[in-house]
Structure formats: structure tokens, C-alpha cells
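Participant: Okay, here's the structure, questions in a sec.
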Amino acid sequence: MIDLNADLGEGFGRWRLTDDERLLSVVTSANVACGFHAGDAATMRRVCELAAERGVRIGAQVSYRDLAGFGRRAMDVPPAELAAEVAYQIGALEVFARAAGSRVSYVKPHGALYNRVVHDERQAGAVVDGVLLADATLPVLGLPGSRFLEVAGKAGLPVVAEAFADRAYTEEGTLVPRGEEDAVVTDPDTVVERSVSLARLGVVAARSGREIPVRARSLCLHGDTPGAVDLARRVRAALDASGVPVEAFA
């Protein structure tokens, strides 16, 4: 059983990056930008309404406050401030989720924050504190073996491990930084093959070529890559054909 999640609502004003409506016909969980790396009030409301109509789970994709850098620039935010900003983002999305007849079902960090909390226990703890402040029952989505999932689990939050079919892995099981060569897997056939391998076998080829274990309950499909909708459909069709049930975790 695998969940398919995608980053959605990554627009601002008249500018739109993701094809939210068509992706919501494929995925089972929607990581909705909460205004700090992308997204605005109208976009958040629209995506929540579309997700609720389709029975897709709504997740708060929390980020550093970095609209100009799309949340992908390294930042040093004091833990108390970061915790407050995480809670603020969750709370903002919850208003629109409830208005649409749904609710925020989980939390996932975005970009630089996601990568930072893999190793940084203080920043991981701050994100966890923010989630606890907003709703101590919310599951959190993160990289297997990360400090974030470790700290969240100790704090009593449900933890969900996720994998990436279109991102390169190191042999240690972490994601290759986006600034490095071949950090993103762009060949559609390879992405589909990796998706099935991750879901069925719990393994993926690292950048070195060596297979590494990556046990995950959710698979991320990036919505901001060219051809994202068609690729998402191919991945889901391949999972169905291989006998892997596609269901939300939350």
C-alpha cells in the first residue's frame, strides 16, 4: 500500500506553477503551500476546495519564510520563532480546509527546511514544537531515518516516512542537494520504474548505482516539473498494474 503526495498550490497571485486540478485527480494527499514559500489566501482556499471535492487529504507544507527563494535557501531561524511560524502556517491552512468541509490531515516541511531537519535536531525540534502547538494529533511526513521523524516520534506525533522517485539519493539514504549535478531524475521511464521498486520492494538505486533500502508509506511526485501530470498518471497506472494499492495514509 502506498500514498501518492504532491506539492500543490505553489503559486502567488496571478502566477501559478502547479496544475493543481489535474494533479488532484491522481494523488491521494496534497501538500498545500501555506504562504511562506508560495501560495496565498485565495490559492490555499481554491486548492482546499478542489482537494475536498475529490476526497484528497490536505497536508500543510510548511516552510521557512522565503517567497523570493521558493523556500529553497538555507536560513537560520531561532527555534521559538520557527515553531511559531510553523503553527501559524498550519492554522492558516486549517481555516480553508475546514471551510471546504475537510481538515489538515498532516504536516510536511518544504525545501530547505525539509533538508535541514534531516540532520539538525534543534530545527527539527522547533518544527515539532510548532506542530504540537497547532494540533498534537497531526502526523508528520519526512525522510526515513531523519532526526525530524525521530524527534516527532519521541514527542508522540504519528510519523510517516516518504520516498522520492524523481530525486537522486546518496548511499546514506539522503537526497542529493538540488545544486549538484543529476540531483533530479528527469527520465520518465526511470521515474516510473523507481516508483514501483520503492513501493513493492522498498529499494532504490542511489546516484552511485548501488541499491539502498528506503522503506516508505508515501511517495512524493513533484508538481513543479515539466510534464508532471502525465508523469503522475503513468506512475499511478504502473502501481495499479503491479498490484500496489494506492491509498492515503491519513
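Following the order of the C-alpha cells, chains are lettered A, B, ..., residues in each are numbered from 1, and ligands are numbered from 1.
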Neighbours of stretch 49-52 of chain A within 9 Å (only C-alpha atoms; same-chain residues fewer than 2 positions away dropped), as a ChimeraX atom specification?
Facilitator: /A:20-21,24-25,29-30,44-47,54-58,96-97,99-103
Participant: Go ahead and write the selection's residues with N, CA and C atoms as a PDB file, in the first residue's frame.
Facilitator:
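Full text of selection.pdb as output:
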ATOM      1  N   ASP A  20      -2.861  22.210 -10.307  1.00  0.00           N
ATOM      2  CA  ASP A  20      -3.485  21.622  -9.126  1.00  0.00           C
ATOM      3  C   ASP A  20      -4.679  20.734  -9.459  1.00  0.00           C
ATOM      4  N   GLU A  21      -5.546  21.208 -10.315  1.00  0.00           N
ATOM      5  CA  GLU A  21      -6.778  20.471 -10.586  1.00  0.00           C
ATOM      6  C   GLU A  21      -6.501  19.095 -11.188  1.00  0.00           C
ATOM      7  N   LEU A  24      -4.747  16.698  -8.710  1.00  0.00           N
ATOM      8  CA  LEU A  24      -5.646  16.210  -7.666  1.00  0.00           C
ATOM      9  C   LEU A  24      -6.523  15.060  -8.140  1.00  0.00           C
ATOM     10  N   SER A  25      -6.514  14.787  -9.429  1.00  0.00           N
ATOM     11  CA  SER A  25      -7.238  13.622  -9.937  1.00  0.00           C
ATOM     12  C   SER A  25      -6.371  12.369  -9.876  1.00  0.00           C
ATOM     13  N   SER A  29      -2.816  12.537  -1.517  1.00  0.00           N
ATOM     14  CA  SER A  29      -2.512  13.541  -0.498  1.00  0.00           C
ATOM     15  C   SER A  29      -1.928  14.782  -1.157  1.00  0.00           C
ATOM     16  N   ALA A  30      -2.364  15.956  -0.704  1.00  0.00           N
ATOM     17  CA  ALA A  30      -1.923  17.223  -1.293  1.00  0.00           C
ATOM     18  C   ALA A  30      -1.148  18.035  -0.269  1.00  0.00           C
ATOM     19  N   MET A  44      -4.761  28.985  -1.487  1.00  0.00           N
ATOM     20  CA  MET A  44      -4.971  27.979  -0.448  1.00  0.00           C
ATOM     21  C   MET A  44      -6.435  27.560  -0.389  1.00  0.00           C
ATOM     22  N   ARG A  45      -7.321  28.548  -0.445  1.00  0.00           N
ATOM     23  CA  ARG A  45      -8.752  28.232  -0.394  1.00  0.00           C
ATOM     24  C   ARG A  45      -9.169  27.395  -1.594  1.00  0.00           C
ATOM     25  N   ARG A  46      -8.715  27.778  -2.783  1.00  0.00           N
ATOM     26  CA  ARG A  46      -9.089  27.058  -4.005  1.00  0.00           C
ATOM     27  C   ARG A  46      -8.597  25.611  -3.975  1.00  0.00           C
ATOM     28  N   VAL A  47      -7.356  25.397  -3.587  1.00  0.00           N
ATOM     29  CA  VAL A  47      -6.808  24.046  -3.571  1.00  0.00           C
ATOM     30  C   VAL A  47      -7.515  23.189  -2.523  1.00  0.00           C
ATOM     31  N   ARG A  54     -12.552  16.004  -4.180  1.00  0.00           N
ATOM     32  CA  ARG A  54     -12.022  14.752  -4.721  1.00  0.00           C
ATOM     33  C   ARG A  54     -11.644  13.747  -3.642  1.00  0.00           C
ATOM     34  N   GLY A  55     -11.853  14.094  -2.395  1.00  0.00           N
ATOM     35  CA  GLY A  55     -11.511  13.183  -1.313  1.00  0.00           C
ATOM     36  C   GLY A  55     -10.020  13.037  -1.084  1.00  0.00           C
ATOM     37  N   VAL A  56      -9.244  14.037  -1.505  1.00  0.00           N
ATOM     38  CA  VAL A  56      -7.793  14.013  -1.315  1.00  0.00           C
ATOM     39  C   VAL A  56      -7.444  14.625   0.039  1.00  0.00           C
ATOM     40  N   ARG A  57      -6.545  13.985   0.777  1.00  0.00           N
ATOM     41  CA  ARG A  57      -6.142  14.506   2.083  1.00  0.00           C
ATOM     42  C   ARG A  57      -5.355  15.804   1.921  1.00  0.00           C
ATOM     43  N   ILE A  58      -5.584  16.726   2.837  1.00  0.00           N
ATOM     44  CA  ILE A  58      -4.932  18.034   2.787  1.00  0.00           C
ATOM     45  C   ILE A  58      -3.805  18.070   3.814  1.00  0.00           C
ATOM     46  N   PHE A  96      -9.095  27.231   5.794  1.00  0.00           N
ATOM     47  CA  PHE A  96      -9.620  26.958   4.456  1.00  0.00           C
ATOM     48  C   PHE A  96     -10.012  25.489   4.290  1.00  0.00           C
ATOM     49  N   ALA A  97      -9.278  24.585   4.941  1.00  0.00           N
ATOM     50  CA  ALA A  97      -9.628  23.168   4.877  1.00  0.00           C
ATOM     51  C   ALA A  97     -10.989  22.923   5.522  1.00  0.00           C
ATOM     52  N   ALA A  99     -13.379  25.141   6.008  1.00  0.00           N
ATOM     53  CA  ALA A  99     -14.410  25.810   5.214  1.00  0.00           C
ATOM     54  C   ALA A  99     -14.818  24.957   4.020  1.00  0.00           C
ATOM     55  N   ALA A 100     -13.898  24.127   3.536  1.00  0.00           N
ATOM     56  CA  ALA A 100     -14.180  23.243   2.403  1.00  0.00           C
ATOM     57  C   ALA A 100     -14.789  21.919   2.841  1.00  0.00           C
ATOM     58  N   GLY A 101     -14.989  21.749   4.146  1.00  0.00           N
ATOM     59  CA  GLY A 101     -15.561  20.512   4.657  1.00  0.00           C
ATOM     60  C   GLY A 101     -14.547  19.432   4.941  1.00  0.00           C
ATOM     61  N   SER A 102     -13.289  19.807   5.042  1.00  0.00           N
ATOM     62  CA  SER A 102     -12.226  18.852   5.314  1.00  0.00           C
ATOM     63  C   SER A 102     -11.415  19.352   6.510  1.00  0.00           C
ATOM     64  N   ARG A 103     -10.170  18.942   6.605  1.00  0.00           N
ATOM     65  CA  ARG A 103      -9.285  19.389   7.671  1.00  0.00           C
ATOM     66  C   ARG A 103      -7.842  19.155   7.244  1.00  0.00           C
TER      67      ARG A 103
END
Participant: Residues of stretch 6-59 of chain A that have any atom at most 10 Å from an atom of stretch 107-131 of chain A: could you tabulate them with the shortest-distance atom pair and the distance in Å to one decimal, using only C-alpha atoms, ordered by chain and increasing number, as CSV?
Facilitator:
residue,atom,partner,partner_atom,distance
A:Asp7,CA,A:His110,CA,8.8
A:Asn31,CA,A:Lys108,CA,7.0
A:Val32,CA,A:Lys108,CA,9.2
A:Ala33,CA,A:His110,CA,8.5
A:Phe36,CA,A:His110,CA,9.9
A:His37,CA,A:His110,CA,8.2
A:Ile58,CA,A:Val107,CA,8.9
A:Gly59,CA,A:Val107,CA,5.3
Participant: Find the residues around A:Val235 up to 7 Å (only C-alpha atoms counted), leave out those fewer than 4 positions away in its own chain, and share them as a list in words.
Facilitator: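 Surrounding residues, per the criterion: Val192, Ser195, Leu231 and Leu239 of chain A.
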Participant: Once DSSP has gone over the backbone, tell me which residues of stretch 127-249 of chain A are in helix (DSSP H, G or I), as a ChimeraX atom specification.
Facilitator: /A:127-134,147-154,188-201,228-241
Participant: Could you tell me which of A:Asp19, A:Leu149, A:Asp240, A:Ala183 comes closest to A:Pro226 if we count only C-alpha atoms?
Facilitator: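 Nearest to A:Pro226: A:Asp19.
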Participant: Run DSSP on the backbone of this structure and report the residues of stretch 4-248 of chain A it assigns to strand (DSSP E), as a tab-separated table (two decimals) with C-alpha atoms, in the first residue's frame.
Facilitator:
chain	number	residue	atom	x	y	z
A	4	LEU	CA	0.92	9.46	-3.52
A	5	ASN	CA	1.59	13.02	-2.40
A	6	ALA	CA	2.34	16.12	-4.45
A	7	ASP	CA	3.29	19.73	-3.69
A	8	LEU	CA	0.33	21.88	-4.73
A	11	GLY	CA	1.53	29.93	-6.97
A	12	PHE	CA	1.05	33.51	-5.87
A	15	TRP	CA	1.23	33.34	-11.14
A	16	ARG	CA	0.65	29.57	-11.00
A	29	SER	CA	-2.51	13.54	-0.50
A	30	ALA	CA	-1.92	17.22	-1.29
A	31	ASN	CA	0.95	19.15	0.29
A	32	VAL	CA	-0.50	22.65	0.14
A	33	ALA	CA	1.85	25.65	0.25
A	57	ARG	CA	-6.14	14.51	2.08
A	58	ILE	CA	-4.93	18.03	2.79
A	59	GLY	CA	-1.45	18.50	4.24
A	60	ALA	CA	0.23	21.70	5.41
A	61	GLN	CA	3.53	22.18	3.59
A	62	VAL	CA	5.38	24.45	5.99
A	104	VAL	CA	-5.50	19.49	7.72
A	105	SER	CA	-4.53	15.82	7.98
A	106	TYR	CA	-0.73	16.02	8.21
A	107	VAL	CA	2.31	18.31	8.03
A	108	LYS	CA	5.31	18.18	5.71
A	109	PRO	CA	8.27	20.60	5.70
A	140	VAL	CA	4.27	14.41	10.05
A	141	LEU	CA	5.81	13.38	6.75
A	142	GLY	CA	9.58	13.15	6.36
A	159	VAL	CA	5.34	9.69	11.78
A	160	VAL	CA	5.13	8.75	8.11
A	161	ALA	CA	8.22	8.00	6.01
A	162	GLU	CA	8.24	9.14	2.39
A	163	ALA	CA	10.32	8.46	-0.70
A	164	PHE	CA	11.10	10.36	-3.90
A	203	VAL	CA	14.67	-0.17	-2.51
A	204	VAL	CA	16.01	2.46	-4.91
A	205	ALA	CA	19.25	2.94	-6.81
A	211	GLU	CA	20.67	-0.21	-4.34
A	212	ILE	CA	19.73	1.12	-0.91
A	213	PRO	CA	16.72	0.40	1.34
A	218	SER	CA	4.16	7.74	0.91
A	219	LEU	CA	5.70	8.57	-2.45
A	220	CYS	CA	6.23	12.20	-3.46
A	221	LEU	CA	5.52	13.35	-7.01
Participant: List the spatial neighbours of A:Asp166 as a PDB file with C-alpha atoms, in the first residue's frame - criterion: any atom at most 6 Å away, only C-alpha atoms, same-chain residues fewer than 5 positions off excluded.
Facilitator:
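part-v9.pdb, written as the output of this step:
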ATOM      1  CA  VAL A 184      16.752  15.395 -10.131  1.00  0.00           C
ATOM      2  CA  VAL A 185      15.816  12.284 -12.126  1.00  0.00           C
ATOM      3  CA  VAL A 191      10.896   7.630 -12.542  1.00  0.00           C
TER       4      VAL A 191
END
Participant: Quick one, how far is atom CA of A:Ala87 from atom CA of A:Leu133?
Facilitator: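 So the answer is 6.1 Å.
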Participant: Separation of atom CA of A:Arg73 and atom CA of A:Leu138, in Å?
Facilitator: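 Pair atom CA of A:Arg73 / atom CA of A:Leu138 returns 26.3 Å.
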